[in-house]
Amino acid sequence: MKNFLYKEWKLAFHPTVLMFWLLSAMLMIPNYPYFVILFYTMLGIFFINLNGRENHDIFYSMSLPSKKSDFVKARFAFIVIIEMIQLLAAIPFIALKQGLHMSGNVVGMDANISFLAFSLVIYGIVNWVFLKRYFTAPEKVGKTFAIASVYITVVIAAAEVLVHAVPFVRDRLDTPDPQFLLEKMAALAIGAVIYAALTFFSMKRSIKVFKTLDI
Amino acid sequence: MNALLVKNLRKEYEKFTLEDVSFGLNQGEIMGFIGRNGAGKTTTLKCLLNYVHPNQGEIQFFGKTFRDHEQEIKQRIGFVSGGVDYYTKKKIRTITEVTRRFYTNWNEDAYRGYMQRLDLDENKTPSALSAGMKVKYSLALALSHHAELLILDEPTSGLDPISRDDLLDVFLGLASEGVTILFSTHITSDLEKCADTITHIMKGRIVASEPLESYVARYRLLHLTDEQLTETLKPALMGLNRAKHGYTALVRADESDRLGLMAEPANLETIMIHLERE
């Protein structure tokens, strides 16, 4: 799998992903729907897969002496790394914002630990909806992106609504750090478990489907 | 031992079926895999390498089933599908750097040698290469991991006659070094220069798989005038085809003398054309 992962960095990586990582700085914008940053990450993932289709990535990869399952695993690992870098890039801005007492977001979730927790869940859904569909029909990556965009827009909107509508989220999770740290760390742990589970099951399903796919 | 053995391969599509495809290829041989566009050449080659999954049949490389030894077999073969058409904007150096990691017996010295011999520049991108040079780069990659069998899907399509001839020289050189080559094409003149055996596929079925000389010797080409084309003659003719001055048709070589008409030796192109018209 490590050879395929190397291939992902050297050949499949799309330069816009670099720019999208920098968009974690949008957390410094006052009163903004910060989950939009996650949509840009998904856009980067789409560009990688679209670029792959245009460059016959699967045809090339399948000519190499390696397992089909390793190709899928490497693509998932690559996407997970991209998503984690996006969140890691967000942490300094969260810390800076909290340190400067700039917290408070009238639009939705604040840039705090809970934001990371919700982001993990949303990324998990991206991996479940987008990647699973992608490996079912790699040639239809545009349609897959369109469908995933609808899902993710609804999920992001729902996450922002939760901040206003659910008292626990509003009063405990959407607060300046380090207030309610225990609850926020618990939310982060739950988010991580949901992310890992959705990504893992999406990968298992993708491997199964991809093994039988005619290219 | 067969370098490649295909038995009873079947692949069903909604509007096309590859049916009972069987052939064998001996080590060190060049086999031409011929058939018109859409006959099933690429589908067969894709089945061999598991790009598409056959509904039934068995594929063996070097006496081992592909299903059970896919990775080991891929270490020993090279697949060239019309040259490098992947990541065409990346430098050749980068593509090689990625590709070589997958091969346990990659030989860097051999790679450098082939790049020099085939006049390839690593700092170029595949998009900057001519069609012939793309095929040569694919060959350099395959040969640098000591591929014993090359599977080439229409490698000479789109090449000018001189580039094609250059490439055929390379194939002949490789065959003399013991490399086995399966070469799909519809440019039959290429095969007359280099193939040992021919496998002919029509509408998803193999109609012949035998040495080139014996396949060509099975038929004769007749040139007929309107007067010569009688109703009694027609049952013996294959693929009656209108020509500038009358008609052409194939006949079986053993029947040609009995008919008492002037016949000339057939070649692969005339055989393909006339059998397709049957």
# chains A, B, ... in the order shown; residues from 1 in each chain; ligands from 1
>>> closest_atom_pairs(of="stretch 54-102 of chain A", to="stretch 23-40 of chain A", cutoff="9 Å", atoms="only C-alpha atoms", output="Markdown table")
| residue | atom | partner | partner_atom | distance |
| --- | --- | --- | --- | --- |
| A:Glu83 | CA | A:Leu38 | CA | 8.4 |
| A:Gln86 | CA | A:Ser24 | CA | 6.6 |
| A:Leu87 | CA | A:Ser24 | CA | 7.6 |
| A:Leu88 | CA | A:Ser24 | CA | 8.9 |
| A:Ala89 | CA | A:Ser24 | CA | 6.0 |
| A:Ala90 | CA | A:Ser24 | CA | 4.9 |
| A:Ile91 | CA | A:Ser24 | CA | 8.6 |
| A:Pro92 | CA | A:Ala25 | CA | 8.9 |
| A:Phe93 | CA | A:Ala25 | CA | 6.3 |
| A:Ile94 | CA | A:Leu27 | CA | 7.0 |
| A:Leu96 | CA | A:Met28 | CA | 8.5 |
| A:Lys97 | CA | A:Met28 | CA | 6.7 |
| A:Met102 | CA | A:Pro30 | CA | 8.0 |
>>> write_last_selection(atoms="all heavy atoms", output="compact mmCIF listing (two decimals), in the first residue's frame")
# COMPACT_ATOMS: atom_id res chain seq x y z
N GLU A 83 -7.67 15.40 5.03
CA GLU A 83 -8.68 15.92 5.97
C GLU A 83 -8.03 16.28 7.31
O GLU A 83 -8.36 17.32 7.92
CB GLU A 83 -9.78 14.88 6.17
CG GLU A 83 -10.65 14.72 4.92
CD GLU A 83 -11.56 13.48 4.93
OE1 GLU A 83 -11.33 12.57 5.75
OE2 GLU A 83 -12.47 13.42 4.10
N GLN A 86 -6.14 19.47 7.13
CA GLN A 86 -7.07 20.61 7.16
C GLN A 86 -7.45 20.96 8.60
O GLN A 86 -7.46 22.13 8.98
CB GLN A 86 -8.34 20.27 6.36
CG GLN A 86 -9.30 21.43 6.18
CD GLN A 86 -8.90 22.33 5.02
OE1 GLN A 86 -8.96 21.93 3.88
NE2 GLN A 86 -8.49 23.55 5.35
N LEU A 87 -7.73 19.94 9.39
CA LEU A 87 -8.11 20.19 10.79
C LEU A 87 -6.91 20.65 11.62
O LEU A 87 -7.04 21.53 12.46
CB LEU A 87 -8.75 18.94 11.41
CG LEU A 87 -10.11 18.54 10.83
CD1 LEU A 87 -10.73 17.40 11.63
CD2 LEU A 87 -11.09 19.72 10.79
N LEU A 88 -5.76 20.02 11.35
CA LEU A 88 -4.54 20.45 12.08
C LEU A 88 -4.22 21.91 11.77
O LEU A 88 -3.81 22.67 12.65
CB LEU A 88 -3.35 19.56 11.72
CG LEU A 88 -3.36 18.16 12.32
CD1 LEU A 88 -2.22 17.31 11.74
CD2 LEU A 88 -3.23 18.21 13.85
N ALA A 89 -4.45 22.28 10.50
CA ALA A 89 -4.21 23.68 10.11
C ALA A 89 -5.20 24.62 10.79
O ALA A 89 -4.91 25.81 10.96
CB ALA A 89 -4.32 23.81 8.59
N ALA A 90 -6.35 24.08 11.20
CA ALA A 90 -7.37 24.92 11.87
C ALA A 90 -6.99 25.19 13.32
O ALA A 90 -7.38 26.24 13.88
CB ALA A 90 -8.73 24.22 11.80
N ILE A 91 -6.25 24.27 13.94
CA ILE A 91 -5.98 24.38 15.39
C ILE A 91 -5.27 25.68 15.78
O ILE A 91 -5.71 26.36 16.72
CB ILE A 91 -5.22 23.12 15.89
CG1 ILE A 91 -6.18 21.92 15.84
CG2 ILE A 91 -4.68 23.32 17.31
CD1 ILE A 91 -5.53 20.57 16.12
N PRO A 92 -4.22 26.09 15.08
CA PRO A 92 -3.58 27.36 15.47
C PRO A 92 -4.55 28.55 15.41
O PRO A 92 -4.48 29.45 16.27
CB PRO A 92 -2.46 27.54 14.44
CG PRO A 92 -2.23 26.21 13.87
CD PRO A 92 -3.51 25.46 13.96
N PHE A 93 -5.44 28.53 14.44
CA PHE A 93 -6.39 29.65 14.31
C PHE A 93 -7.44 29.60 15.43
O PHE A 93 -7.86 30.64 15.94
CB PHE A 93 -7.05 29.64 12.93
CG PHE A 93 -6.06 29.85 11.82
CD1 PHE A 93 -5.68 28.82 10.99
CD2 PHE A 93 -5.46 31.09 11.63
CE1 PHE A 93 -4.74 29.00 9.99
CE2 PHE A 93 -4.52 31.29 10.62
CZ PHE A 93 -4.15 30.24 9.80
N ILE A 94 -7.82 28.39 15.80
CA ILE A 94 -8.75 28.25 16.93
C ILE A 94 -8.07 28.76 18.20
O ILE A 94 -8.65 29.56 18.96
CB ILE A 94 -9.18 26.77 17.10
CG1 ILE A 94 -10.05 26.33 15.92
CG2 ILE A 94 -9.92 26.55 18.42
CD1 ILE A 94 -10.37 24.84 15.89
N LEU A 96 -5.57 30.81 18.45
CA LEU A 96 -5.35 32.27 18.36
C LEU A 96 -6.63 33.03 18.66
O LEU A 96 -6.65 34.00 19.43
CB LEU A 96 -4.86 32.60 16.94
CG LEU A 96 -4.46 34.05 16.67
CD1 LEU A 96 -3.27 34.47 17.55
CD2 LEU A 96 -4.09 34.24 15.20
N LYS A 97 -7.71 32.54 18.09
CA LYS A 97 -9.00 33.21 18.28
C LYS A 97 -9.43 33.15 19.74
O LYS A 97 -9.92 34.14 20.31
CB LYS A 97 -10.05 32.54 17.38
CG LYS A 97 -11.11 33.51 16.95
CD LYS A 97 -11.93 32.98 15.82
CE LYS A 97 -12.97 34.02 15.48
NZ LYS A 97 -13.92 33.54 14.51
N MET A 102 -11.64 36.25 20.85
CA MET A 102 -12.47 36.63 19.69
C MET A 102 -13.62 35.63 19.47
O MET A 102 -14.22 35.60 18.42
CB MET A 102 -11.62 36.64 18.42
CG MET A 102 -10.63 37.79 18.35
SD MET A 102 -9.47 37.52 16.99
CE MET A 102 -10.57 37.62 15.58
>>> interface_residues(of="chain B", to="chain A", cutoff="10 Å", atoms="only C-alpha atoms", output="NGL selection string")
:B and (46-47 or 49-54 or 70-81 or 84-91 or 94-95 or 97-104)
>>> select_by_dssp(residues="stretch 104-140 of chain A", states="helix (DSSP H, G or I)", output="PyMOL selection string")
chain A and resi 113-136+138-140
>>> write_last_selection(atoms="N, CA and C atoms", output="PDB file, in the first residue's frame")
ATOM      1  N   ILE A 113     -13.115  23.753  20.201  1.00  0.00           N
ATOM      2  CA  ILE A 113     -12.890  22.296  20.167  1.00  0.00           C
ATOM      3  C   ILE A 113     -14.103  21.572  19.569  1.00  0.00           C
ATOM      4  N   SER A 114     -15.292  22.067  19.889  1.00  0.00           N
ATOM      5  CA  SER A 114     -16.514  21.417  19.366  1.00  0.00           C
ATOM      6  C   SER A 114     -16.568  21.486  17.841  1.00  0.00           C
ATOM      7  N   PHE A 115     -16.012  22.568  17.311  1.00  0.00           N
ATOM      8  CA  PHE A 115     -15.971  22.689  15.838  1.00  0.00           C
ATOM      9  C   PHE A 115     -15.208  21.500  15.240  1.00  0.00           C
ATOM     10  N   LEU A 116     -14.104  21.141  15.896  1.00  0.00           N
ATOM     11  CA  LEU A 116     -13.313  20.003  15.410  1.00  0.00           C
ATOM     12  C   LEU A 116     -14.124  18.711  15.510  1.00  0.00           C
ATOM     13  N   ALA A 117     -14.879  18.578  16.603  1.00  0.00           N
ATOM     14  CA  ALA A 117     -15.705  17.370  16.802  1.00  0.00           C
ATOM     15  C   ALA A 117     -16.739  17.243  15.682  1.00  0.00           C
ATOM     16  N   PHE A 118     -17.456  18.336  15.419  1.00  0.00           N
ATOM     17  CA  PHE A 118     -18.468  18.326  14.355  1.00  0.00           C
ATOM     18  C   PHE A 118     -17.811  18.096  12.989  1.00  0.00           C
ATOM     19  N   SER A 119     -16.616  18.678  12.821  1.00  0.00           N
ATOM     20  CA  SER A 119     -15.914  18.535  11.535  1.00  0.00           C
ATOM     21  C   SER A 119     -15.587  17.075  11.258  1.00  0.00           C
ATOM     22  N   LEU A 120     -15.189  16.359  12.302  1.00  0.00           N
ATOM     23  CA  LEU A 120     -14.859  14.935  12.118  1.00  0.00           C
ATOM     24  C   LEU A 120     -16.080  14.158  11.631  1.00  0.00           C
ATOM     25  N   VAL A 121     -17.233  14.476  12.236  1.00  0.00           N
ATOM     26  CA  VAL A 121     -18.460  13.776  11.823  1.00  0.00           C
ATOM     27  C   VAL A 121     -18.773  14.110  10.351  1.00  0.00           C
ATOM     28  N   ILE A 122     -18.638  15.382  10.010  1.00  0.00           N
ATOM     29  CA  ILE A 122     -18.945  15.789   8.625  1.00  0.00           C
ATOM     30  C   ILE A 122     -17.969  15.134   7.635  1.00  0.00           C
ATOM     31  N   TYR A 123     -16.691  15.093   8.002  1.00  0.00           N
ATOM     32  CA  TYR A 123     -15.720  14.410   7.135  1.00  0.00           C
ATOM     33  C   TYR A 123     -16.056  12.913   7.010  1.00  0.00           C
ATOM     34  N   GLY A 124     -16.501  12.328   8.089  1.00  0.00           N
ATOM     35  CA  GLY A 124     -16.919  10.919   8.050  1.00  0.00           C
ATOM     36  C   GLY A 124     -18.033  10.728   7.035  1.00  0.00           C
ATOM     37  N   ILE A 125     -18.978  11.680   7.034  1.00  0.00           N
ATOM     38  CA  ILE A 125     -20.103  11.586   6.078  1.00  0.00           C
ATOM     39  C   ILE A 125     -19.588  11.800   4.647  1.00  0.00           C
ATOM     40  N   VAL A 126     -18.645  12.721   4.484  1.00  0.00           N
ATOM     41  CA  VAL A 126     -18.031  12.926   3.151  1.00  0.00           C
ATOM     42  C   VAL A 126     -17.443  11.601   2.662  1.00  0.00           C
ATOM     43  N   ASN A 127     -16.694  10.938   3.540  1.00  0.00           N
ATOM     44  CA  ASN A 127     -16.029   9.688   3.133  1.00  0.00           C
ATOM     45  C   ASN A 127     -17.055   8.588   2.843  1.00  0.00           C
ATOM     46  N   TRP A 128     -18.123   8.588   3.609  1.00  0.00           N
ATOM     47  CA  TRP A 128     -19.159   7.577   3.418  1.00  0.00           C
ATOM     48  C   TRP A 128     -19.919   7.817   2.115  1.00  0.00           C
ATOM     49  N   VAL A 129     -20.307   9.065   1.897  1.00  0.00           N
ATOM     50  CA  VAL A 129     -21.147   9.362   0.728  1.00  0.00           C
ATOM     51  C   VAL A 129     -20.293   9.464  -0.544  1.00  0.00           C
ATOM     52  N   PHE A 130     -19.244  10.272  -0.485  1.00  0.00           N
ATOM     53  CA  PHE A 130     -18.486  10.558  -1.709  1.00  0.00           C
ATOM     54  C   PHE A 130     -17.600   9.380  -2.140  1.00  0.00           C
ATOM     55  N   LEU A 131     -16.751   8.918  -1.221  1.00  0.00           N
ATOM     56  CA  LEU A 131     -15.762   7.901  -1.633  1.00  0.00           C
ATOM     57  C   LEU A 131     -16.418   6.567  -1.980  1.00  0.00           C
ATOM     58  N   LYS A 132     -17.424   6.201  -1.204  1.00  0.00           N
ATOM     59  CA  LYS A 132     -18.102   4.919  -1.473  1.00  0.00           C
ATOM     60  C   LYS A 132     -18.734   4.948  -2.866  1.00  0.00           C
ATOM     61  N   ARG A 133     -19.379   6.069  -3.187  1.00  0.00           N
ATOM     62  CA  ARG A 133     -19.978   6.194  -4.516  1.00  0.00           C
ATOM     63  C   ARG A 133     -18.906   6.253  -5.596  1.00  0.00           C
ATOM     64  N   TYR A 134     -17.815   6.955  -5.302  1.00  0.00           N
ATOM     65  CA  TYR A 134     -16.746   7.108  -6.294  1.00  0.00           C
ATOM     66  C   TYR A 134     -16.223   5.740  -6.738  1.00  0.00           C
ATOM     67  N   PHE A 135     -15.982   4.846  -5.791  1.00  0.00           N
ATOM     68  CA  PHE A 135     -15.403   3.547  -6.159  1.00  0.00           C
ATOM     69  C   PHE A 135     -16.431   2.616  -6.817  1.00  0.00           C
ATOM     70  N   THR A 136     -17.701   2.987  -6.754  1.00  0.00           N
ATOM     71  CA  THR A 136     -18.719   2.207  -7.453  1.00  0.00           C
ATOM     72  C   THR A 136     -18.714   2.565  -8.942  1.00  0.00           C
ATOM     73  N   PRO A 138     -16.181   5.110 -10.891  1.00  0.00           N
ATOM     74  CA  PRO A 138     -15.159   6.169 -10.976  1.00  0.00           C
ATOM     75  C   PRO A 138     -15.340   7.107 -12.175  1.00  0.00           C
ATOM     76  N   GLU A 139     -15.953   6.590 -13.239  1.00  0.00           N
ATOM     77  CA  GLU A 139     -16.139   7.417 -14.434  1.00  0.00           C
ATOM     78  C   GLU A 139     -17.178   8.521 -14.210  1.00  0.00           C
ATOM     79  N   LYS A 140     -18.026   8.326 -13.210  1.00  0.00           N
ATOM     80  CA  LYS A 140     -19.093   9.303 -12.972  1.00  0.00           C
ATOM     81  C   LYS A 140     -18.775  10.157 -11.749  1.00  0.00           C
TER      82      LYS A 140
END
>>> select_by_dssp(residues="stretch 99-251 of chain B", states="strand (DSSP E)", output="VMD selection string")
chain B and resid 149 to 153 180 to 185 197 to 202 205 to 211 219 to 224 238 to 243 246 to 251
>>> atom_distance(atom1="atom CA of A:Ile147", atom2="atom CA of A:Asp110")
27.6 Å
>>> atom_distance(atom1="atom CA of A:Ile45", atom2="atom CA of A:Val141")
10.6 Å
>>> atom_distance(atom1="atom CA of B:Asn2", atom2="atom CA of B:Phe61")
7.4 Å
>>> closest_residue(among="B:Ser127, B:Thr43, B:Thr96, B:Thr180", to="B:Gln27", atoms="only C-alpha atoms")
B:Thr180
>>> residues_around(residues="B:Gln228", least_positions_apart="5", cutoff="10 Å", atoms="only C-alpha atoms", output="list in words")
His223, Leu233, Gly246, Tyr247 and Leu261 of chain B
>>> write_last_selection(atoms="C-alpha atoms", output="tab-separated table (two decimals), in the first residue's frame")
chain	number	residue	atom	x	y	z
B	223	HIS	CA	-9.83	-11.97	-59.22
B	233	LEU	CA	-18.78	-20.99	-58.54
B	246	GLY	CA	-14.90	-7.20	-61.42
B	247	TYR	CA	-14.73	-9.01	-58.09
B	261	LEU	CA	-8.99	-20.16	-62.14
>>> residues_around(residues="B:Ile162", least_positions_apart="5", cutoff="10 Å", atoms="only C-alpha atoms", output="ChimeraX atom specification")
/B:132,167-168
>>> write_last_selection(atoms="N, CA and C atoms", output="tab-separated table (two decimals), in the first residue's frame")
chain	number	residue	atom	x	y	z
B	132	GLY	N	4.86	7.37	-31.23
B	132	GLY	CA	5.87	6.29	-31.26
B	132	GLY	C	6.76	6.32	-30.03
B	167	LEU	N	9.60	0.54	-34.64
B	167	LEU	CA	9.06	-0.19	-33.50
B	167	LEU	C	9.07	-1.70	-33.75
B	168	LEU	N	8.76	-2.07	-34.99
B	168	LEU	CA	8.78	-3.50	-35.32
B	168	LEU	C	10.19	-4.07	-35.21
>>> residues_around(residues="B:Gly40", least_positions_apart="3", cutoff="7 Å", atoms="only C-alpha atoms", output="JSON, numbers by chain")
{"B": [18, 43, 44, 201, 203, 204]}
